[in-house]
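Data from coords-v8.txt: compact mmCIF, C-alpha atoms and all ligand atoms
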```
# COMPACT_ATOMS: atom_id res chain seq x y z
CA MET A 516 -3.50 22.15 -18.15
CA ARG A 517 -4.81 20.76 -14.92
CA SER A 518 -6.46 17.37 -14.53
CA LEU A 519 -7.57 15.38 -11.53
CA PRO A 520 -4.85 13.20 -10.02
CA ARG A 521 -4.63 9.53 -10.93
CA LEU A 522 -5.55 7.31 -8.01
CA THR A 523 -1.91 6.19 -7.74
CA GLU A 524 -0.97 9.87 -7.34
CA MET A 525 -3.74 10.27 -4.79
CA ALA A 526 -2.25 7.34 -2.85
CA HIS A 527 1.15 9.08 -2.93
CA TRP A 528 -0.40 12.32 -1.75
CA LEU A 529 -1.93 10.52 1.25
CA VAL A 530 1.31 8.71 2.04
CA THR A 531 3.26 11.99 2.10
CA LYS A 532 1.01 13.02 5.01
CA TRP A 533 2.00 9.91 6.95
CA LEU A 534 5.68 9.21 6.33
CA ARG A 535 8.69 10.94 7.83
CA PRO A 536 12.41 10.20 7.56
CA GLY A 537 13.28 7.22 9.72
CA ASP A 538 9.92 5.44 9.29
CA LEU A 539 9.38 1.80 8.25
CA ALA A 540 7.32 1.17 5.11
CA ILE A 541 6.32 -1.81 2.95
CA ASP A 542 5.53 -1.97 -0.75
CA ALA A 543 3.65 -5.29 -1.04
CA THR A 544 3.57 -5.16 -4.89
CA ALA A 545 6.84 -3.61 -6.05
CA GLY A 546 6.10 -3.91 -9.80
CA ASN A 547 8.15 -1.33 -11.72
CA GLY A 548 9.31 0.31 -8.50
CA HIS A 549 7.47 3.64 -8.64
CA ASP A 550 5.96 3.19 -5.19
CA THR A 551 9.15 1.69 -3.72
CA ALA A 552 11.29 4.62 -4.92
CA PHE A 553 8.71 7.03 -3.57
CA LEU A 554 8.69 5.29 -0.17
CA ALA A 555 12.50 5.21 -0.13
CA ARG A 556 12.71 8.95 -0.75
CA LEU A 557 10.24 9.75 2.03
CA THR A 558 11.74 7.42 4.64
CA GLY A 559 15.28 8.49 3.74
CA GLN A 560 18.64 7.17 4.91
CA GLU A 561 17.38 6.58 8.44
CA GLY A 562 14.28 4.68 7.34
CA LEU A 563 13.73 1.21 5.90
CA VAL A 564 11.52 -0.06 3.10
CA LEU A 565 10.65 -3.69 2.40
CA ALA A 566 9.61 -4.15 -1.25
CA LEU A 567 8.09 -7.45 -2.26
CA ASP A 568 7.06 -8.92 -5.59
CA ILE A 569 6.36 -12.44 -6.78
CA GLU A 570 7.91 -11.74 -10.20
CA PRO A 571 11.74 -11.64 -10.16
CA ALA A 572 11.82 -9.24 -13.14
CA ALA A 573 9.75 -6.78 -11.11
CA LEU A 574 12.46 -6.52 -8.50
CA GLU A 575 15.09 -6.03 -11.21
CA ALA A 576 12.96 -3.19 -12.58
CA THR A 577 12.58 -1.78 -9.06
CA ALA A 578 16.34 -1.91 -8.46
CA ARG A 579 16.91 -0.09 -11.76
CA ARG A 580 14.41 2.58 -10.82
CA LEU A 581 15.97 3.11 -7.40
CA ALA A 582 19.34 3.59 -9.11
CA SER A 583 18.04 5.88 -11.85
CA GLU A 584 16.08 8.04 -9.42
CA GLN A 585 18.95 8.05 -6.93
CA ALA A 586 16.57 6.92 -4.21
CA PRO A 587 18.35 5.67 -1.06
CA ALA A 588 18.54 2.02 -2.17
CA ASP A 589 20.74 0.89 0.75
CA HIS A 590 17.67 1.26 2.88
CA VAL A 591 15.41 -0.84 0.68
CA ARG A 592 15.17 -4.61 1.08
CA LEU A 593 14.02 -6.21 -2.17
CA VAL A 594 12.36 -9.59 -1.63
CA ILE A 595 11.10 -12.05 -4.22
CA GLY A 596 8.06 -13.61 -2.64
CA ASP A 597 4.32 -13.99 -2.40
CA HIS A 598 2.68 -11.38 -0.21
CA ALA A 599 0.34 -14.14 1.01
CA ARG A 600 3.36 -14.94 3.25
CA LEU A 601 4.06 -11.29 4.04
CA GLU A 602 4.63 -11.78 7.77
CA SER A 603 7.36 -14.35 7.11
CA TYR A 604 9.46 -11.73 5.25
CA VAL A 605 9.14 -9.04 7.90
CA PRO A 606 11.64 -8.82 10.80
CA ALA A 607 9.99 -9.54 14.16
CA GLU A 608 10.82 -6.06 15.44
CA TRP A 609 8.74 -4.49 12.64
CA PHE A 610 5.46 -5.98 13.87
CA GLY A 611 3.18 -3.15 14.98
CA GLN A 612 5.78 -0.57 13.87
CA VAL A 613 5.23 -0.16 10.13
CA ARG A 614 4.04 3.34 9.31
CA VAL A 615 2.75 2.77 5.75
CA ILE A 616 1.96 -0.30 3.63
CA MET A 617 1.10 0.13 -0.06
CA PHE A 618 -0.63 -2.32 -2.42
CA ASN A 619 -1.09 -1.58 -6.11
CA LEU A 620 -2.96 -4.61 -7.43
CA GLY A 621 -3.26 -6.18 -10.86
CA TYR A 622 -0.23 -6.86 -13.05
CA ARG A 623 3.04 -5.11 -13.82
CA PRO A 624 2.77 -2.87 -16.88
CA HIS A 625 5.24 -3.81 -19.68
CA SER A 626 5.94 -7.23 -18.15
CA ASN A 627 6.58 -10.08 -20.62
CA TRP A 628 4.92 -12.58 -18.29
CA PRO A 629 2.57 -10.54 -16.14
CA ILE A 630 1.43 -12.17 -12.92
CA LYS A 631 -1.80 -10.78 -11.59
CA THR A 632 -2.68 -10.43 -7.95
CA ARG A 633 -5.34 -12.89 -6.83
CA LEU A 634 -8.22 -12.58 -4.45
CA VAL A 635 -7.21 -15.22 -1.90
CA SER A 636 -3.55 -14.21 -1.57
CA THR A 637 -4.42 -10.50 -1.60
CA LEU A 638 -6.94 -10.90 1.22
CA SER A 639 -4.43 -12.92 3.21
CA ALA A 640 -1.74 -10.25 2.70
CA LEU A 641 -4.12 -7.46 3.66
CA GLY A 642 -5.09 -9.27 6.85
CA GLN A 643 -1.41 -9.67 7.78
CA SER A 644 -0.78 -6.00 6.99
CA LEU A 645 -3.19 -4.93 9.71
CA SER A 646 -1.05 -6.51 12.41
CA LEU A 647 2.16 -5.06 10.96
CA LEU A 648 0.90 -1.46 10.98
CA ALA A 649 1.86 0.92 13.77
CA ASP A 650 -0.89 2.70 15.67
CA GLY A 651 -1.80 5.65 13.48
CA GLY A 652 -0.38 3.87 10.40
CA LEU A 653 -1.82 3.80 6.88
CA LEU A 654 -2.57 1.04 4.38
CA THR A 655 -3.32 2.04 0.78
CA ILE A 656 -4.78 -0.28 -1.87
CA VAL A 657 -5.23 0.62 -5.54
CA MET A 658 -7.67 -1.87 -7.09
CA TYR A 659 -8.55 -2.50 -10.74
CA PRO A 660 -12.09 -3.85 -11.18
CA GLY A 661 -11.74 -3.50 -14.97
CA HIS A 662 -9.02 -6.18 -15.18
CA GLU A 663 -9.93 -9.81 -15.74
CA GLY A 664 -10.37 -11.21 -12.24
CA GLY A 665 -10.08 -7.70 -10.84
CA GLU A 666 -13.79 -7.27 -10.26
CA SER A 667 -14.13 -10.19 -7.83
CA GLU A 668 -10.89 -9.16 -6.11
CA THR A 669 -12.16 -5.58 -5.73
CA THR A 670 -15.56 -6.72 -4.46
CA ALA A 671 -14.00 -9.03 -1.88
CA ILE A 672 -11.63 -6.30 -0.65
CA LEU A 673 -14.45 -3.77 -0.36
CA GLU A 674 -16.47 -6.28 1.69
CA TRP A 675 -13.47 -7.06 3.88
CA ALA A 676 -12.63 -3.39 4.46
CA SER A 677 -16.24 -2.39 5.11
CA ALA A 678 -16.43 -4.98 7.88
CA LEU A 679 -13.41 -3.62 9.79
CA ASP A 680 -14.23 -2.43 13.31
CA ASP A 681 -14.64 1.35 13.10
CA THR A 682 -13.38 1.86 16.63
CA LEU A 683 -9.99 0.58 15.43
CA TRP A 684 -9.91 1.43 11.70
CA HIS A 685 -11.09 4.20 9.45
CA VAL A 686 -11.58 3.25 5.83
CA ALA A 687 -11.78 5.85 3.05
CA ARG A 688 -12.70 5.08 -0.56
CA TYR A 689 -11.68 7.29 -3.50
CA ASP A 690 -13.16 6.61 -6.91
CA LEU A 691 -14.41 8.07 -10.19
CA PRO A 692 -18.18 7.58 -10.15
CA ASN A 693 -19.07 8.82 -13.66
CA ILE A 694 -16.37 6.93 -15.60
CA ARG A 695 -18.04 4.00 -17.36
CA SER A 696 -15.05 1.77 -18.02
CA ARG A 697 -14.78 0.33 -14.48
CA PRO A 698 -11.96 2.65 -13.38
CA PRO A 699 -9.60 1.92 -10.47
CA ILE A 700 -10.60 2.48 -6.84
CA LEU A 701 -8.30 3.58 -4.05
CA LEU A 702 -8.87 2.47 -0.46
CA ALA A 703 -7.01 4.05 2.43
CA ILE A 704 -7.20 2.32 5.79
CA HIS A 705 -6.04 4.22 8.85
CA LYS A 706 -5.20 2.32 12.04
CA ARG A 707 -6.62 4.68 14.61
CA LEU A 708 -4.41 5.84 17.42
CA ARG A 709 -5.02 3.94 20.63
CA LYS A 710 -6.24 7.09 22.35
CA ASP A 711 -8.86 7.53 19.60
CA ALA A 712 -10.10 3.97 19.74
CA THR A 713 -12.34 4.65 22.72
CA GLY A 714 -13.44 8.02 21.35
CA PRO A 715 -17.15 8.62 21.02
CA ASP A 716 -17.35 9.77 17.41
CA HIS A 717 -15.66 10.28 14.10
CA ASP A 718 -15.36 14.06 14.08
CA ALA A 719 -11.62 13.76 13.67
CA LEU A 720 -12.13 12.36 10.17
CA ILE A 721 -14.29 15.27 9.12
CA ASP A 722 -12.21 17.96 10.79
CA GLY A 723 -8.91 16.77 9.33
CA GLU A 724 -7.32 14.82 12.14
CA GLU A 725 -3.55 15.15 12.37
CA PRO A 726 -2.77 11.64 11.12
CA ARG A 727 0.64 11.21 12.68
CA ALA A 728 0.89 9.15 15.84
CA ALA A 729 2.81 10.61 18.77
CA ILE A 730 5.16 7.64 19.03
C1 LIG B 801 0.35 -2.98 -10.67
S1 LIG B 801 1.84 -3.81 -10.33
C2 LIG B 801 2.52 -2.84 -9.03
C3 LIG B 801 3.03 -1.50 -9.46
C4 LIG B 801 4.10 -0.95 -8.54
N1 LIG B 801 3.65 -0.73 -7.20
C5 LIG B 801 4.83 0.27 -9.08
O1 LIG B 801 4.92 1.28 -8.39
O2 LIG B 801 5.35 0.19 -10.20
C6 LIG B 801 1.32 -5.26 -9.43
C7 LIG B 801 2.47 -6.17 -9.03
O3 LIG B 801 1.98 -7.16 -8.14
C8 LIG B 801 2.78 -8.30 -8.31
N2 LIG B 801 2.13 -9.46 -7.69
C9 LIG B 801 1.14 -10.22 -8.19
N3 LIG B 801 0.81 -11.19 -7.30
C10 LIG B 801 1.63 -11.04 -6.23
C11 LIG B 801 1.80 -11.74 -5.01
N4 LIG B 801 1.02 -12.79 -4.71
N5 LIG B 801 2.75 -11.33 -4.15
C12 LIG B 801 3.56 -10.26 -4.45
N6 LIG B 801 3.44 -9.56 -5.59
C13 LIG B 801 2.49 -9.93 -6.48
C14 LIG B 801 2.93 -8.41 -9.81
O4 LIG B 801 4.05 -9.21 -10.16
C15 LIG B 801 3.09 -6.94 -10.20
O5 LIG B 801 4.45 -6.60 -10.32
```

Represent the structure from my file as structure tokens, please.
Ligand SMILES: C[S@@+](CC[C@H](N)C(=O)[O-])C[C@H]1O[C@@H](n2cnc3c(N)ncnc32)[C@H](O)[C@@H]1O
Amino acid sequence: MRSLPRLTEMAHWLVTKWLRPGDLAIDATAGNGHDTAFLARLTGQEGLVLALDIEPAALEATARRLASEQAPADHVRLVIGDHARLESYVPAEWFGQVRVIMFNLGYRPHSNWPIKTRLVSTLSALGQSLSLLADGGLLTIVMYPGHEGGESETTAILEWASALDDTLWHVARYDLPNIRSRPPILLAIHKRLRKDATGPDHDALIDGEEPRAAI
């Protein structure tokens, strides 16, 4: 039986349009490693993935998942750290070169001591992500307004994203408008190609712009 995709699956679907073998990618909230393993598979042996989580057990879970899914773990750097300091964990040569950055906010399912993402550190990490992205790159954020503290975090991110300069960034929002239990929201932020930044309109978005940069 068919059902609509979860927003995490929707994020994966978008990312498959962006990533190719050899690309650089960041998972800013590694959690149980689903997104990291997915990024590792898409970027392959020639690519590199930086996976970050503040909870050490999350990175253990991520390492286990990479092994069990036989994802190319040699090409994944697992870092215990706060994404509020994201830039400090990223090699200098990655700045402006990262093809995809994923955030899945909230807490790690099945964690004994779940640590939730927080508004101030999340906003800081998102701001840093913009300068790490390559031209044409993609940032995805799955947000959980139904979690305690998640509503203010979601509201702040929506305000932040809505204020981004539309000559440089395109922001898309995916949500479930008739679900009453404050369901998740997915944001996708595309760093427009330099050649598009001076363009007169946004037809490319409507017509299905080829998202991949010619770099
Ligand atoms: C919903 S889970 C992520 C799920 C994960 N992407 C996956 O595919 O399984 C959110 C994660 O964010 C982590 N987290 C919370 N605050 C953080 C911070 N300041 N820096 C980095 N990670 C953080 C939590 O420890 C948790 O593992």

Neighbouring residues of ligand LIG 801 (chain B) are defined here as those with any atom at most 9 Å from a ligand atom, counting all atoms listed in the file; list them as a count of residues only.
51

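Each of A:Arg707, A:Glu663, A:Glu668, A:Asp589 was compared to Thr682 (chain A) using all atoms listed in the file, and A:Arg707 turns out to be the nearest.
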
Compile the contact shell of Pro660 (chain A) as an NGL selection string: residues with an atom at most 9 Å away, counting all atoms listed in the file, same-chain residues fewer than 4 positions apart removed.
:A and (664-670 or 697-700)

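Nearest residue to Ala555 (chain A), choosing from A:Ala588, A:Ala703, A:Val686, A:Ala582 and counting all atoms listed in the file: A:Ala588.
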
So which residues fall inside 12 Å of (-4.3, 11.8, -7.4) if we count all atoms listed in the file? Mind giving them as a ChimeraX atom specification?
/A:517-530,657,689-691,699-701

Quick one: write out the picked residues with C-alpha atoms as a short mmCIF file (atom, residue, chain, number, x, y, z; two decimals), in the frame of the given file?
```
data_model
loop_
_atom_site.label_atom_id
_atom_site.label_comp_id
_atom_site.auth_asym_id
_atom_site.auth_seq_id
_atom_site.Cartn_x
_atom_site.Cartn_y
_atom_site.Cartn_z
CA ARG A 517 -4.81 20.76 -14.92
CA SER A 518 -6.46 17.37 -14.53
CA LEU A 519 -7.57 15.38 -11.53
CA PRO A 520 -4.85 13.20 -10.02
CA ARG A 521 -4.63 9.53 -10.93
CA LEU A 522 -5.55 7.31 -8.01
CA THR A 523 -1.91 6.19 -7.74
CA GLU A 524 -0.97 9.87 -7.34
CA MET A 525 -3.74 10.27 -4.79
CA ALA A 526 -2.25 7.34 -2.85
CA HIS A 527 1.15 9.08 -2.93
CA TRP A 528 -0.40 12.32 -1.75
CA LEU A 529 -1.93 10.52 1.25
CA VAL A 530 1.31 8.71 2.04
CA VAL A 657 -5.23 0.62 -5.54
CA TYR A 689 -11.68 7.29 -3.50
CA ASP A 690 -13.16 6.61 -6.91
CA LEU A 691 -14.41 8.07 -10.19
CA PRO A 699 -9.60 1.92 -10.47
CA ILE A 700 -10.60 2.48 -6.84
CA LEU A 701 -8.30 3.58 -4.05
#
```

Have a look at CA of Leu593 (chain A) and CA of Ile541 (chain A) and let me know their distance in Å, one decimal.
10.2 Å

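In this structure, CA of His590 (chain A) sits 6.3 Å away from CA of Val564 (chain A).
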
Near Phe610 (chain A), within 10 Å and counting all atoms listed in the file, which residues show up once chain neighbours fewer than 2 positions away are dropped, as an NGL selection string?
:A and (602 or 605-608 or 612-613 or 643-649)

Mind writing the picked residues with C-alpha atoms as a PDB file, in the frame of the given file?
```pdb
ATOM      1  CA  GLU A 602       4.630 -11.780   7.770  1.00  0.00           C
ATOM      2  CA  VAL A 605       9.140  -9.040   7.900  1.00  0.00           C
ATOM      3  CA  PRO A 606      11.640  -8.820  10.800  1.00  0.00           C
ATOM      4  CA  ALA A 607       9.990  -9.540  14.160  1.00  0.00           C
ATOM      5  CA  GLU A 608      10.820  -6.060  15.440  1.00  0.00           C
ATOM      6  CA  GLN A 612       5.780  -0.570  13.870  1.00  0.00           C
ATOM      7  CA  VAL A 613       5.230  -0.160  10.130  1.00  0.00           C
ATOM      8  CA  GLN A 643      -1.410  -9.670   7.780  1.00  0.00           C
ATOM      9  CA  SER A 644      -0.780  -6.000   6.990  1.00  0.00           C
ATOM     10  CA  LEU A 645      -3.190  -4.930   9.710  1.00  0.00           C
ATOM     11  CA  SER A 646      -1.050  -6.510  12.410  1.00  0.00           C
ATOM     12  CA  LEU A 647       2.160  -5.060  10.960  1.00  0.00           C
ATOM     13  CA  LEU A 648       0.900  -1.460  10.980  1.00  0.00           C
ATOM     14  CA  ALA A 649       1.860   0.920  13.770  1.00  0.00           C
TER      15      ALA A 649
END
```

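Here CA of Glu575 (chain A) stands at a distance of 24.8 Å from CA of Gly537 (chain A).
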
Calculated over only C-alpha atoms, which of the candidates A:Arg579, A:Tyr604, A:Arg614, A:Gly642 has the smallest distance to Arg535 (chain A)?
A:Arg614

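When all atoms listed in the file are used to measure the gap to Val594 (chain A), the shortest distance among A:Asp681, A:Ser639, A:Ile616, A:Ala566 belongs to A:Ala566.
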
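With all atoms listed in the file as the atoms that count, the minimum distance from Trp684 (chain A) to the choices A:His625, A:Arg709, A:Arg580, A:His662 is reached by A:Arg709.
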
The residues within 6 Å of (-1.2, 4.3, 14.1), using only C-alpha atoms and the coordinates of the file, should be reported as a list in words; which are they?
Ala649, Asp650, Gly651, Gly652, Lys706, Arg707, Leu708 and Ala728 of chain A

Requested write-out: C-alpha atoms of the selected residues, as a PDB file, in the frame of the given file:
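As written to disk, part.pdb reads:
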```pdb
ATOM      1  CA  ALA A 649       1.860   0.920  13.770  1.00  0.00           C
ATOM      2  CA  ASP A 650      -0.890   2.700  15.670  1.00  0.00           C
ATOM      3  CA  GLY A 651      -1.800   5.650  13.480  1.00  0.00           C
ATOM      4  CA  GLY A 652      -0.380   3.870  10.400  1.00  0.00           C
ATOM      5  CA  LYS A 706      -5.200   2.320  12.040  1.00  0.00           C
ATOM      6  CA  ARG A 707      -6.620   4.680  14.610  1.00  0.00           C
ATOM      7  CA  LEU A 708      -4.410   5.840  17.420  1.00  0.00           C
ATOM      8  CA  ALA A 728       0.890   9.150  15.840  1.00  0.00           C
TER       9      ALA A 728
END
```

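If you measure from each of A:Ala578, A:Ser603, A:Val615, A:Val591 to Arg556 (chain A) using all atoms listed in the file, the closest one turns out to be A:Val591.
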
Residue neighbourhood Glu561 (chain A), 9 Å, only C-alpha atoms, exclusion window fewer than 2 positions, as a PDB file with C-alpha atoms, in the coordinates of the input:
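The result, stored in out_9.pdb:
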```
ATOM      1  CA  PRO A 536      12.410  10.200   7.560  1.00  0.00           C
ATOM      2  CA  GLY A 537      13.280   7.220   9.720  1.00  0.00           C
ATOM      3  CA  ASP A 538       9.920   5.440   9.290  1.00  0.00           C
ATOM      4  CA  THR A 558      11.740   7.420   4.640  1.00  0.00           C
ATOM      5  CA  GLY A 559      15.280   8.490   3.740  1.00  0.00           C
ATOM      6  CA  LEU A 563      13.730   1.210   5.900  1.00  0.00           C
ATOM      7  CA  HIS A 590      17.670   1.260   2.880  1.00  0.00           C
TER       8      HIS A 590
END
```
